[in-house]
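Shown next, in structure tokens, is the structure this report addresses.
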Amino acid sequence: MSARTTMDAVSESAGPRRQRPDGAPSSAERKSRARSKVRRHLGRYWQLWVMLAPALGFLIVFAYVPMYGIQLAFREFDFAKGLTGGEWVGLKYFIQFFESPLFGDLMRNTVMISLATLVLGFLTPIALALVINQILHSRLRRIVQTVTYLPHFISIVVIVGMLQVFLSPSTGLITRFLAFFGLEDVNFLGSTSAFVPVYVLSDIWQHTGWNSIIYLAALAGVNTQLYEAARIDGASRLQIIRHVDIPALVPTMIILLILNMGGVLNTGFEKVFLMQNTLNLPVSEVIATYTYKIGILSSQFSYSTAIGLFNTIINFAFLVIANQISKRASDTSLW
């Protein structure tokens, strides 16, 4: 008896298969087929999954497992009972934050710093990439790239220390230089009007070169025949940038803008916290620093978790809205 005949005999002895009246496979058959597809996929690509396993493990442990603590925003935290043992209080801490007298100032400061950093920090890498792309001398181009990339690798602590060295009201190099022109008693680090410009400009100086790399990579993929045709037609450099370079950067610009919108309220905690002092606190207190002070220093864990969750929800909403607008306007989106 052949193997196929044996299998048919076993199938007949097991009884007739259960099928839906319309002839479609049953749920058990669909599950069996799905499991067989998964086994075939893993058997064929198991090497790739092994390579991906460390990254997946890192993501699960440090990104998804901590989500278990989100429920703390809706509970009265009790050290003795743990995360899930506290009394359920619902939206109490969200309402407390909305009714706080600091809510308006925190939102204004966070939005002001974030939007200024987002807009200027988004445009300057594009401009730098366009300028570098127009440098024909290869050695000069490498020097410019190296000089603009280096600040990205400087620690935030060192950056703030450099700001204090240059902008100190008594011994700062820039303030002493301005004193020669009669601009004395200028305190950039303690002024409420100078804090945001100092923060944004120093952030742009640090990250513009590094952020321009992806735009340079996009420009490297432009067909050189387009440049040659433009030069033959008598186009100037500005016209080449306008009609060749910028259209080539638009898809990359849209994707990066959508990704940046997902962190529109995530003002850098380390730099803001290190630059804070009693003089500039009215404009430098943002959601991130306030959450740290409330949660870690004051041990109000439920309250700080609610503030952090509110911040995350707003960022997620901005991400979804920006993605949908981009999808309808330019047919370019993340999903």
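Residue numbers start at 1 in each chain; chains themselves are named A, B, ... in the order of the structure tokens; ligands are numbered from 1 in the order shown.
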Shell around range 332-334 of chain A at 9 Å using only C-alpha atoms, local window under 4 positions removed, as a PyMOL selection string: chain A and resi 251+254-255+258-259+322-328
Helix (DSSP H, G or I) residues, from DSSP on the backbone, in range 117-208 of chain A, as an NGL selection string: :A and (117-133 or 138-153 or 156-167 or 173-179 or 195-208)
Top pick for closest residue to Tyr68 in chain A, considering A:Ser36, A:Ser155, A:Thr146, A:Thr305 and counting only C-alpha atoms: A:Thr305
From A:Leu256, A:Ile321, A:Ile294, A:Leu167, residue lying nearest Asn211 in chain A [only C-alpha atoms]: A:Leu256
Within 12 Å of Ala220 in chain A using only C-alpha atoms, minus same-chain residues under 2 positions, as a VMD selection string: chain A and resid 129 to 130 132 to 134 213 to 218 222 to 224 227 245 248 to 249
Residue neighbourhood Leu128 in chain A, 12 Å, only C-alpha atoms, exclusion window fewer than 3 positions, as a VMD selection string: chain A and resid 121 to 125 131 to 135 141 144 to 145 148 to 149 204 to 205 207 to 216
Just the selected residues (C-alpha atoms), exported as a PDB file, in the first residue's frame, please.
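Dumped to part14.pdb:
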```
ATOM      1  CA  GLY A 121      16.277  72.672  13.382  1.00  0.00           C
ATOM      2  CA  PHE A 122      14.372  71.281  10.405  1.00  0.00           C
ATOM      3  CA  LEU A 123      15.297  73.995   7.898  1.00  0.00           C
ATOM      4  CA  THR A 124      18.983  74.532   8.709  1.00  0.00           C
ATOM      5  CA  PRO A 125      20.127  70.959   7.863  1.00  0.00           C
ATOM      6  CA  VAL A 131      25.354  74.370   0.315  1.00  0.00           C
ATOM      7  CA  ILE A 132      27.669  71.383   0.780  1.00  0.00           C
ATOM      8  CA  ASN A 133      26.265  69.756  -2.353  1.00  0.00           C
ATOM      9  CA  GLN A 134      27.316  72.811  -4.366  1.00  0.00           C
ATOM     10  CA  ILE A 135      30.951  72.587  -3.212  1.00  0.00           C
ATOM     11  CA  ARG A 141      33.836  69.573   0.966  1.00  0.00           C
ATOM     12  CA  VAL A 144      33.247  71.463   5.780  1.00  0.00           C
ATOM     13  CA  GLN A 145      31.457  68.198   6.514  1.00  0.00           C
ATOM     14  CA  THR A 148      29.890  70.673  10.914  1.00  0.00           C
ATOM     15  CA  TYR A 149      29.573  67.044  12.103  1.00  0.00           C
ATOM     16  CA  ILE A 204      21.118  74.070  15.908  1.00  0.00           C
ATOM     17  CA  TRP A 205      24.891  74.522  16.060  1.00  0.00           C
ATOM     18  CA  HIS A 207      23.005  69.005  15.447  1.00  0.00           C
ATOM     19  CA  THR A 208      22.687  70.723  12.065  1.00  0.00           C
ATOM     20  CA  GLY A 209      25.730  69.052  10.530  1.00  0.00           C
ATOM     21  CA  TRP A 210      24.736  65.593  11.674  1.00  0.00           C
ATOM     22  CA  ASN A 211      21.107  65.986  10.575  1.00  0.00           C
ATOM     23  CA  SER A 212      22.220  67.099   7.123  1.00  0.00           C
ATOM     24  CA  ILE A 213      23.732  63.666   6.389  1.00  0.00           C
ATOM     25  CA  ILE A 214      20.420  62.133   5.341  1.00  0.00           C
ATOM     26  CA  TYR A 215      19.740  65.042   2.969  1.00  0.00           C
ATOM     27  CA  LEU A 216      23.207  64.692   1.457  1.00  0.00           C
TER      28      LEU A 216
END
```
